[in-house]
Amino acid sequence: MINVNELTKIPMDCTLSEFVGTTVLDTIGLVIPGVEPSLLAQMHLDKPYKSLGILSSRTGAAGQINAVDEAVKSTNTEVISIQLPRDTKGWGGHGNFIIIGGENVSDVRRAVEISLEFTAKYAGELYISEAGHLEFTYSASADQALSFAFGAPLGKPFGFFCGSPAAIGLVMADLAVKSSPVEIIRYMTPDIGTSHSNEVIVAVTGEASAVKNAVLTARDIGLQLLVSMGSCPETPTQPYL
Amino acid sequence: MINVNELTKIPMDCTLSEFVGTTVLDTIGLVIPGVEPSLLAQMHLDKPYKSLGILSSRTGAAGQINAVDEAVKSTNTEVISIQLPRDTKGWGGHGNFIIIGGENVSDVRRAVEISLEFTAKYAGELYISEAGHLEFTYSASADQALSFAFGAPLGKPFGFFCGSPAAIGLVMADLAVKSSPVEIIRYMTPDIGTSHSNEVIVAVTGEASAVKNAVLTARDIGLQLLVSMGSCPETPTQPYL
Amino acid sequence: MINVNELTKIPMDCTLSEFVGTTVLDTIGLVIPGVEPSLLAQMHLDKPYKSLGILSSRTGAAGQINAVDEAVKSTNTEVISIQLPRDTKGWGGHGNFIIIGGENVSDVRRAVEISLEFTAKYAGELYISEAGHLEFTYSASADQALSFAFGAPLGKPFGFFCGSPAAIGLVMADLAVKSSPVEIIRYMTPDIGTSHSNEVIVAVTGEASAVKNAVLTARDIGLQLLVSMGSCPETPTQPYL
């Protein structure tokens, strides 16, 4: 047992079998081999899986959802819950709490590992300044996680752009959809579809080149507007788009 | 196009035609000359304006809404949406996301400019300490923005007081309404009418001197209680009441 | 009257009769001897008490609710409202806004004093790191506040465990309920029962030893997982369980 009077002695290399790993944006990946039945009943999950994988971050949503999208695409698992807490460690956006289900623990563990790997990559399109933040994501072929979270058509290109303070998100979105023949599949604001975050979020689908161009246009506009507020954004890893 | 590998080279003096300006409290003002039709459809705005002006801040609500009130009063524009994200950059209150509509872009641009000017002034009645915050606003003659947000009777005096942690707001409000013959038009708490902010907010109307006296009483009480928590508040500009 | 141009001169030892005291976690305790009737009408309280006591914090929920539980147990007062703002000063959890009612102001003042004392004690089971936080509370005999907030059976043992980021809370809960024959009485997540906090919260009841063991197991697991995220937690006072 941990001695709570010696908190500094708790080892950082966790040995619990439930632990999978951590990555940027205060993200942790865990597994539960077989959920305790009375807890499972309270969770009201639609599908009764034996094993659960969990990805959860203080900061970021679209990048992690896209990461889980890659994970469920390549493993025998399925996303069964995506919740977006109002978090971001003092910024105006969301964190995430995503549950993956599978028939056995090795499948969900692998899915969580892949999710953590792609979270590090996709975090490269999260830009945070002292004033606000921008988040972008792109998938050439949306799978089940992006469909679950944003209504993305399965197998089709998917683009996502988000700006905070919210006004930046709206102007980005306007110029992005003017720049390319894309279809808007989700529009979210502080009162619509978010957990009262200070963001406007737009998700689009369409032809691959049009969707990618819309995301790049949104990013170009968003960065100019965010910097106009007086500080330079940083990204936790490397831009990849 | 912005080079995302050289984020520090993005100029702070934004040249986009959509950019109007920035001011205190991480506030940005933008315009959209003619919103892209498919985006406009998603926005579900009640009134179909050609041009939109947008004011959006990380911190503050009543001051900016009062600022927009002044702006729509003196321009050929109208407030069509006010949303209050749960923000304040780590404090317990709201930011704002306000949309102004007009028939042409020069009208809404002027409205946004006026909103930015008054935001700087009205921010003087926002007091932020390490423990919490207080916000006050007063209008001798409420117009459309204050009516939209708080049900203020048009053309009548309007007073607003808000305290965080919420207990401070409640005691302020009690002593304020005891001090003056005012009528309460709005009562908001973490679960009622806010985006789960840690505030009690009360808005009042009545005779000008009574409303102003109630606001000043609330401020007097609120400052004493906030300071009792162990740190001195600051205001981003200058108190004006 | 306070001079708002000399904010630094406001005394920290508050002399308002409404002031009771402050304690850790940016907690303030206040009383209102007789609420102004028009304000009382807006509050829509179920029970018409003459005097109100108020406890309100920027950070923490279960500890303060347990503290108020002790206070109403030993005074002639009753909890009449518990609201949980989305706060914690930049972390992923809740603050609190709790109203106690009584027939006279000395009763509610005493209840607030007791609440403040126990808040300092119970804050010892709140652990905050750079990445997230954990909160635990235990009562051998739940009273009216814990029943009001979490549906705790009156007079029965009550245990509470909460972890943020949310994934930690879920795995803690799973292992805790596997470790002891307890009954889950509340399950809360970013979208269920919280104010969109980044937490999974589970409350349990059962035999005293089983409930206490479940809380200690949750704490043991939670601390290991939280530390795996790369920083050591601290507690504002002293662990007491």
# chains A, B, ... in the order shown; residues from 1 in each chain; ligands from 1
>>> interface_residues(of="chain A", to="chain B", cutoff="9 Å", atoms="only C-alpha atoms", output="PDB file with N, CA, C and O atoms, in the first residue's frame")
ATOM      1  N   ARG A  86     -15.267  19.839 -19.822  1.00  0.00           N
ATOM      2  CA  ARG A  86     -14.787  21.210 -19.976  1.00  0.00           C
ATOM      3  C   ARG A  86     -13.490  21.307 -19.203  1.00  0.00           C
ATOM      4  O   ARG A  86     -13.493  21.400 -17.976  1.00  0.00           O
ATOM      5  N   LYS A  89      -6.902  22.618 -18.748  1.00  0.00           N
ATOM      6  CA  LYS A  89      -5.960  23.167 -17.767  1.00  0.00           C
ATOM      7  C   LYS A  89      -5.946  24.688 -17.727  1.00  0.00           C
ATOM      8  O   LYS A  89      -4.882  25.294 -17.706  1.00  0.00           O
ATOM      9  N   GLY A  90      -7.112  25.304 -17.750  1.00  0.00           N
ATOM     10  CA  GLY A  90      -7.172  26.750 -17.670  1.00  0.00           C
ATOM     11  C   GLY A  90      -7.419  27.422 -19.022  1.00  0.00           C
ATOM     12  O   GLY A  90      -7.716  28.608 -19.059  1.00  0.00           O
ATOM     13  N   TRP A  91      -7.325  26.698 -20.114  1.00  0.00           N
ATOM     14  CA  TRP A  91      -7.669  27.261 -21.412  1.00  0.00           C
ATOM     15  C   TRP A  91      -9.159  27.032 -21.683  1.00  0.00           C
ATOM     16  O   TRP A  91      -9.871  26.468 -20.861  1.00  0.00           O
ATOM     17  N   GLY A  92      -9.602  27.473 -22.868  1.00  0.00           N
ATOM     18  CA  GLY A  92     -11.038  27.545 -23.118  1.00  0.00           C
ATOM     19  C   GLY A  92     -11.674  26.354 -23.786  1.00  0.00           C
ATOM     20  O   GLY A  92     -12.746  26.516 -24.386  1.00  0.00           O
ATOM     21  N   GLY A  93     -11.063  25.169 -23.705  1.00  0.00           N
ATOM     22  CA  GLY A  93     -11.574  24.059 -24.499  1.00  0.00           C
ATOM     23  C   GLY A  93     -11.950  22.824 -23.707  1.00  0.00           C
ATOM     24  O   GLY A  93     -12.422  22.895 -22.572  1.00  0.00           O
ATOM     25  N   ALA A 131      -3.323  33.629 -25.194  1.00  0.00           N
ATOM     26  CA  ALA A 131      -4.682  34.159 -25.351  1.00  0.00           C
ATOM     27  C   ALA A 131      -5.722  33.072 -25.632  1.00  0.00           C
ATOM     28  O   ALA A 131      -6.870  33.176 -25.195  1.00  0.00           O
ATOM     29  N   GLY A 132      -5.348  32.035 -26.387  1.00  0.00           N
ATOM     30  CA  GLY A 132      -6.348  31.034 -26.760  1.00  0.00           C
ATOM     31  C   GLY A 132      -5.712  29.842 -27.441  1.00  0.00           C
ATOM     32  O   GLY A 132      -4.519  29.589 -27.277  1.00  0.00           O
ATOM     33  N   SER A 164     -10.417  29.235 -30.375  1.00  0.00           N
ATOM     34  CA  SER A 164     -10.798  29.848 -29.103  1.00  0.00           C
ATOM     35  C   SER A 164      -9.921  31.058 -28.857  1.00  0.00           C
ATOM     36  O   SER A 164      -8.699  30.953 -29.004  1.00  0.00           O
ATOM     37  N   PRO A 165     -10.438  32.248 -28.489  1.00  0.00           N
ATOM     38  CA  PRO A 165     -11.836  32.522 -28.211  1.00  0.00           C
ATOM     39  C   PRO A 165     -12.730  32.246 -29.419  1.00  0.00           C
ATOM     40  O   PRO A 165     -12.276  32.301 -30.561  1.00  0.00           O
ATOM     41  N   ALA A 166     -14.012  31.999 -29.120  1.00  0.00           N
ATOM     42  CA  ALA A 166     -14.943  31.455 -30.102  1.00  0.00           C
ATOM     43  C   ALA A 166     -15.007  32.244 -31.403  1.00  0.00           C
ATOM     44  O   ALA A 166     -15.172  31.648 -32.481  1.00  0.00           O
ATOM     45  N   ALA A 167     -14.873  33.570 -31.337  1.00  0.00           N
ATOM     46  CA  ALA A 167     -14.981  34.377 -32.554  1.00  0.00           C
ATOM     47  C   ALA A 167     -13.971  33.938 -33.603  1.00  0.00           C
ATOM     48  O   ALA A 167     -14.260  33.947 -34.808  1.00  0.00           O
ATOM     49  N   ILE A 168     -12.793  33.568 -33.164  1.00  0.00           N
ATOM     50  CA  ILE A 168     -11.768  33.110 -34.101  1.00  0.00           C
ATOM     51  C   ILE A 168     -12.241  31.850 -34.814  1.00  0.00           C
ATOM     52  O   ILE A 168     -12.082  31.713 -36.029  1.00  0.00           O
ATOM     53  N   LEU A 170     -15.246  30.992 -35.525  1.00  0.00           N
ATOM     54  CA  LEU A 170     -16.308  31.274 -36.494  1.00  0.00           C
ATOM     55  C   LEU A 170     -15.744  31.861 -37.784  1.00  0.00           C
ATOM     56  O   LEU A 170     -16.118  31.450 -38.888  1.00  0.00           O
ATOM     57  N   VAL A 171     -14.805  32.792 -37.653  1.00  0.00           N
ATOM     58  CA  VAL A 171     -14.241  33.420 -38.859  1.00  0.00           C
ATOM     59  C   VAL A 171     -13.374  32.427 -39.637  1.00  0.00           C
ATOM     60  O   VAL A 171     -13.426  32.375 -40.875  1.00  0.00           O
ATOM     61  N   ALA A 173     -13.878  29.257 -39.765  1.00  0.00           N
ATOM     62  CA  ALA A 173     -14.801  28.322 -40.409  1.00  0.00           C
ATOM     63  C   ALA A 173     -15.421  28.952 -41.651  1.00  0.00           C
ATOM     64  O   ALA A 173     -15.551  28.307 -42.700  1.00  0.00           O
ATOM     65  N   ASP A 174     -15.782  30.213 -41.542  1.00  0.00           N
ATOM     66  CA  ASP A 174     -16.405  30.899 -42.675  1.00  0.00           C
ATOM     67  C   ASP A 174     -15.455  30.910 -43.870  1.00  0.00           C
ATOM     68  O   ASP A 174     -15.852  30.556 -44.997  1.00  0.00           O
ATOM     69  N   LEU A 175     -14.218  31.292 -43.641  1.00  0.00           N
ATOM     70  CA  LEU A 175     -13.268  31.371 -44.748  1.00  0.00           C
ATOM     71  C   LEU A 175     -12.869  29.985 -45.244  1.00  0.00           C
ATOM     72  O   LEU A 175     -12.613  29.805 -46.439  1.00  0.00           O
ATOM     73  N   VAL A 177     -14.829  27.221 -45.322  1.00  0.00           N
ATOM     74  CA  VAL A 177     -15.874  26.621 -46.174  1.00  0.00           C
ATOM     75  C   VAL A 177     -16.090  27.450 -47.440  1.00  0.00           C
ATOM     76  O   VAL A 177     -16.586  26.922 -48.445  1.00  0.00           O
ATOM     77  N   LYS A 178     -15.705  28.726 -47.416  1.00  0.00           N
ATOM     78  CA  LYS A 178     -15.728  29.500 -48.670  1.00  0.00           C
ATOM     79  C   LYS A 178     -14.610  29.060 -49.617  1.00  0.00           C
ATOM     80  O   LYS A 178     -14.724  29.206 -50.833  1.00  0.00           O
ATOM     81  N   GLU A 183     -18.811  19.939 -47.192  1.00  0.00           N
ATOM     82  CA  GLU A 183     -20.119  19.913 -46.539  1.00  0.00           C
ATOM     83  C   GLU A 183     -19.929  19.960 -45.023  1.00  0.00           C
ATOM     84  O   GLU A 183     -19.146  19.176 -44.472  1.00  0.00           O
ATOM     85  N   ILE A 184     -20.639  20.879 -44.360  1.00  0.00           N
ATOM     86  CA  ILE A 184     -20.526  20.976 -42.901  1.00  0.00           C
ATOM     87  C   ILE A 184     -21.339  19.855 -42.260  1.00  0.00           C
ATOM     88  O   ILE A 184     -22.530  19.701 -42.559  1.00  0.00           O
ATOM     89  N   ARG A 186     -20.936  19.265 -38.686  1.00  0.00           N
ATOM     90  CA  ARG A 186     -21.130  19.581 -37.272  1.00  0.00           C
ATOM     91  C   ARG A 186     -20.733  21.042 -37.012  1.00  0.00           C
ATOM     92  O   ARG A 186     -19.712  21.503 -37.521  1.00  0.00           O
ATOM     93  N   TYR A 187     -21.569  21.750 -36.283  1.00  0.00           N
ATOM     94  CA  TYR A 187     -21.288  23.136 -35.885  1.00  0.00           C
ATOM     95  C   TYR A 187     -21.498  23.210 -34.386  1.00  0.00           C
ATOM     96  O   TYR A 187     -22.590  22.912 -33.893  1.00  0.00           O
ATOM     97  N   MET A 188     -20.457  23.582 -33.648  1.00  0.00           N
ATOM     98  CA  MET A 188     -20.528  23.588 -32.188  1.00  0.00           C
ATOM     99  C   MET A 188     -20.060  24.939 -31.640  1.00  0.00           C
ATOM    100  O   MET A 188     -19.119  25.537 -32.163  1.00  0.00           O
ATOM    101  N   THR A 189     -20.720  25.401 -30.593  1.00  0.00           N
ATOM    102  CA  THR A 189     -20.418  26.699 -29.980  1.00  0.00           C
ATOM    103  C   THR A 189     -20.528  26.542 -28.457  1.00  0.00           C
ATOM    104  O   THR A 189     -20.896  25.475 -27.967  1.00  0.00           O
ATOM    105  N   PRO A 190     -20.249  27.606 -27.705  1.00  0.00           N
ATOM    106  CA  PRO A 190     -20.355  27.480 -26.241  1.00  0.00           C
ATOM    107  C   PRO A 190     -21.691  26.888 -25.771  1.00  0.00           C
ATOM    108  O   PRO A 190     -21.717  26.160 -24.773  1.00  0.00           O
ATOM    109  N   ASP A 191     -22.769  27.195 -26.473  1.00  0.00           N
ATOM    110  CA  ASP A 191     -24.090  26.692 -26.061  1.00  0.00           C
ATOM    111  C   ASP A 191     -24.592  25.512 -26.882  1.00  0.00           C
ATOM    112  O   ASP A 191     -25.634  24.937 -26.558  1.00  0.00           O
ATOM    113  N   SER A 195     -19.237  21.386 -24.048  1.00  0.00           N
ATOM    114  CA  SER A 195     -19.464  21.456 -22.601  1.00  0.00           C
ATOM    115  C   SER A 195     -19.242  22.888 -22.129  1.00  0.00           C
ATOM    116  O   SER A 195     -18.557  23.124 -21.142  1.00  0.00           O
ATOM    117  N   HIS A 196     -19.819  23.863 -22.858  1.00  0.00           N
ATOM    118  CA  HIS A 196     -19.684  25.293 -22.576  1.00  0.00           C
ATOM    119  C   HIS A 196     -18.251  25.779 -22.756  1.00  0.00           C
ATOM    120  O   HIS A 196     -17.795  26.694 -22.054  1.00  0.00           O
ATOM    121  N   SER A 197     -17.530  25.165 -23.698  1.00  0.00           N
ATOM    122  CA  SER A 197     -16.181  25.640 -23.978  1.00  0.00           C
ATOM    123  C   SER A 197     -16.253  26.961 -24.748  1.00  0.00           C
ATOM    124  O   SER A 197     -17.288  27.314 -25.306  1.00  0.00           O
ATOM    125  N   ASN A 198     -15.151  27.681 -24.772  1.00  0.00           N
ATOM    126  CA  ASN A 198     -15.067  28.981 -25.464  1.00  0.00           C
ATOM    127  C   ASN A 198     -14.517  28.747 -26.865  1.00  0.00           C
ATOM    128  O   ASN A 198     -13.415  29.189 -27.206  1.00  0.00           O
ATOM    129  N   GLU A 199     -15.281  28.035 -27.677  1.00  0.00           N
ATOM    130  CA  GLU A 199     -14.819  27.611 -28.997  1.00  0.00           C
ATOM    131  C   GLU A 199     -15.967  27.667 -29.994  1.00  0.00           C
ATOM    132  O   GLU A 199     -17.130  27.480 -29.621  1.00  0.00           O
ATOM    133  N   VAL A 202     -16.088  23.469 -36.226  1.00  0.00           N
ATOM    134  CA  VAL A 202     -16.799  23.012 -37.414  1.00  0.00           C
ATOM    135  C   VAL A 202     -16.108  21.762 -37.940  1.00  0.00           C
ATOM    136  O   VAL A 202     -14.877  21.712 -38.020  1.00  0.00           O
ATOM    137  N   THR A 217      -6.782  26.104 -44.843  1.00  0.00           N
ATOM    138  CA  THR A 217      -7.233  27.501 -44.866  1.00  0.00           C
ATOM    139  C   THR A 217      -7.634  27.950 -43.463  1.00  0.00           C
ATOM    140  O   THR A 217      -7.267  29.044 -43.012  1.00  0.00           O
ATOM    141  N   ARG A 219      -6.566  26.807 -40.681  1.00  0.00           N
ATOM    142  CA  ARG A 219      -5.349  26.939 -39.882  1.00  0.00           C
ATOM    143  C   ARG A 219      -4.626  28.247 -40.185  1.00  0.00           C
ATOM    144  O   ARG A 219      -4.156  28.945 -39.277  1.00  0.00           O
ATOM    145  N   ASP A 220      -4.553  28.562 -41.464  1.00  0.00           N
ATOM    146  CA  ASP A 220      -3.867  29.793 -41.875  1.00  0.00           C
ATOM    147  C   ASP A 220      -4.556  31.027 -41.275  1.00  0.00           C
ATOM    148  O   ASP A 220      -3.898  31.924 -40.729  1.00  0.00           O
ATOM    149  N   ILE A 221      -5.847  31.071 -41.369  1.00  0.00           N
ATOM    150  CA  ILE A 221      -6.606  32.209 -40.828  1.00  0.00           C
ATOM    151  C   ILE A 221      -6.524  32.215 -39.298  1.00  0.00           C
ATOM    152  O   ILE A 221      -6.294  33.246 -38.667  1.00  0.00           O
ATOM    153  N   LEU A 223      -4.326  31.012 -37.214  1.00  0.00           N
ATOM    154  CA  LEU A 223      -3.038  31.411 -36.653  1.00  0.00           C
ATOM    155  C   LEU A 223      -2.844  32.919 -36.731  1.00  0.00           C
ATOM    156  O   LEU A 223      -2.353  33.544 -35.784  1.00  0.00           O
ATOM    157  N   GLN A 224      -3.264  33.527 -37.840  1.00  0.00           N
ATOM    158  CA  GLN A 224      -3.133  34.988 -37.952  1.00  0.00           C
ATOM    159  C   GLN A 224      -3.985  35.693 -36.883  1.00  0.00           C
ATOM    160  O   GLN A 224      -3.536  36.668 -36.272  1.00  0.00           O
ATOM    161  N   LEU A 225      -5.203  35.205 -36.698  1.00  0.00           N
ATOM    162  CA  LEU A 225      -6.094  35.856 -35.725  1.00  0.00           C
ATOM    163  C   LEU A 225      -5.611  35.619 -34.298  1.00  0.00           C
ATOM    164  O   LEU A 225      -5.627  36.522 -33.457  1.00  0.00           O
ATOM    165  N   LEU A 226      -5.172  34.402 -34.014  1.00  0.00           N
ATOM    166  CA  LEU A 226      -4.721  34.117 -32.650  1.00  0.00           C
ATOM    167  C   LEU A 226      -3.503  34.973 -32.297  1.00  0.00           C
ATOM    168  O   LEU A 226      -3.409  35.526 -31.191  1.00  0.00           O
ATOM    169  N   VAL A 227      -2.578  35.099 -33.230  1.00  0.00           N
ATOM    170  CA  VAL A 227      -1.373  35.896 -32.972  1.00  0.00           C
ATOM    171  C   VAL A 227      -1.716  37.385 -32.826  1.00  0.00           C
ATOM    172  O   VAL A 227      -1.055  38.108 -32.073  1.00  0.00           O
ATOM    173  N   SER A 228      -2.781  37.834 -33.506  1.00  0.00           N
ATOM    174  CA  SER A 228      -3.182  39.254 -33.372  1.00  0.00           C
ATOM    175  C   SER A 228      -3.514  39.597 -31.924  1.00  0.00           C
ATOM    176  O   SER A 228      -3.507  40.762 -31.538  1.00  0.00           O
ATOM    177  N   MET A 229      -3.797  38.585 -31.110  1.00  0.00           N
ATOM    178  CA  MET A 229      -4.146  38.826 -29.717  1.00  0.00           C
ATOM    179  C   MET A 229      -2.920  39.041 -28.842  1.00  0.00           C
ATOM    180  O   MET A 229      -3.039  39.259 -27.639  1.00  0.00           O
ATOM    181  N   GLY A 230      -1.724  38.943 -29.430  1.00  0.00           N
ATOM    182  CA  GLY A 230      -0.556  39.438 -28.734  1.00  0.00           C
ATOM    183  C   GLY A 230       0.425  38.412 -28.204  1.00  0.00           C
ATOM    184  O   GLY A 230       1.369  38.769 -27.493  1.00  0.00           O
ATOM    185  N   SER A 231       0.244  37.129 -28.525  1.00  0.00           N
ATOM    186  CA  SER A 231       1.249  36.156 -28.087  1.00  0.00           C
ATOM    187  C   SER A 231       1.341  35.043 -29.125  1.00  0.00           C
ATOM    188  O   SER A 231       0.408  34.796 -29.877  1.00  0.00           O
ATOM    189  N   CYS A 232       2.471  34.398 -29.143  1.00  0.00           N
ATOM    190  CA  CYS A 232       2.768  33.394 -30.169  1.00  0.00           C
ATOM    191  C   CYS A 232       2.364  32.010 -29.683  1.00  0.00           C
ATOM    192  O   CYS A 232       2.696  31.625 -28.564  1.00  0.00           O
ATOM    193  N   PRO A 233       1.643  31.246 -30.493  1.00  0.00           N
ATOM    194  CA  PRO A 233       1.244  29.897 -30.046  1.00  0.00           C
ATOM    195  C   PRO A 233       2.393  28.900 -30.147  1.00  0.00           C
ATOM    196  O   PRO A 233       3.340  29.102 -30.902  1.00  0.00           O
ATOM    197  N   GLU A 234       2.262  27.845 -29.381  1.00  0.00           N
ATOM    198  CA  GLU A 234       3.174  26.700 -29.488  1.00  0.00           C
ATOM    199  C   GLU A 234       2.346  25.438 -29.676  1.00  0.00           C
ATOM    200  O   GLU A 234       1.166  25.413 -29.365  1.00  0.00           O
ATOM    201  N   GLN A 238       4.755  18.329 -33.232  1.00  0.00           N
ATOM    202  CA  GLN A 238       5.128  18.916 -34.518  1.00  0.00           C
ATOM    203  C   GLN A 238       3.921  18.976 -35.430  1.00  0.00           C
ATOM    204  O   GLN A 238       3.235  17.959 -35.599  1.00  0.00           O
ATOM    205  N   PRO A 239       3.668  20.113 -36.086  1.00  0.00           N
ATOM    206  CA  PRO A 239       2.592  20.142 -37.086  1.00  0.00           C
ATOM    207  C   PRO A 239       2.799  19.035 -38.125  1.00  0.00           C
ATOM    208  O   PRO A 239       3.931  18.778 -38.526  1.00  0.00           O
TER     209      PRO A 239
END
>>> select_by_dssp(residues="region 9-224 of chain C", states="strand (DSSP E)", output="PyMOL selection string")
chain C and resi 19-23+27-32+51-57+77-83+96-102+126-128+133-139+158-164+183-188+200-205
>>> select_by_dssp(residues="region 22-223 of chain A", states="alpha helix (DSSP H)", output="count of residues only")
74
>>> atom_distance(atom1="CA of Gln64 (chain C)", atom2="CA of Leu216 (chain C)")
19.1 Å
>>> atom_distance(atom1="CA of Pro33 (chain C)", atom2="CA of Gly151 (chain C)")
29.1 Å
>>> residues_around(residues="Gly155 (chain B)", least_positions_apart="4", cutoff="8 Å", atoms="only C-alpha atoms", output="VMD selection string")
chain B and resid 140 to 143
>>> residues_around(residues="region 100-106 of chain A", least_positions_apart="2", cutoff="7 Å", atoms="only C-alpha atoms", output="ChimeraX atom specification")
/A:33,49-54,76-80,98,108-110
>>> atom_distance(atom1="CA of Gly222 (chain A)", atom2="CA of Gly163 (chain A)")
6.8 Å
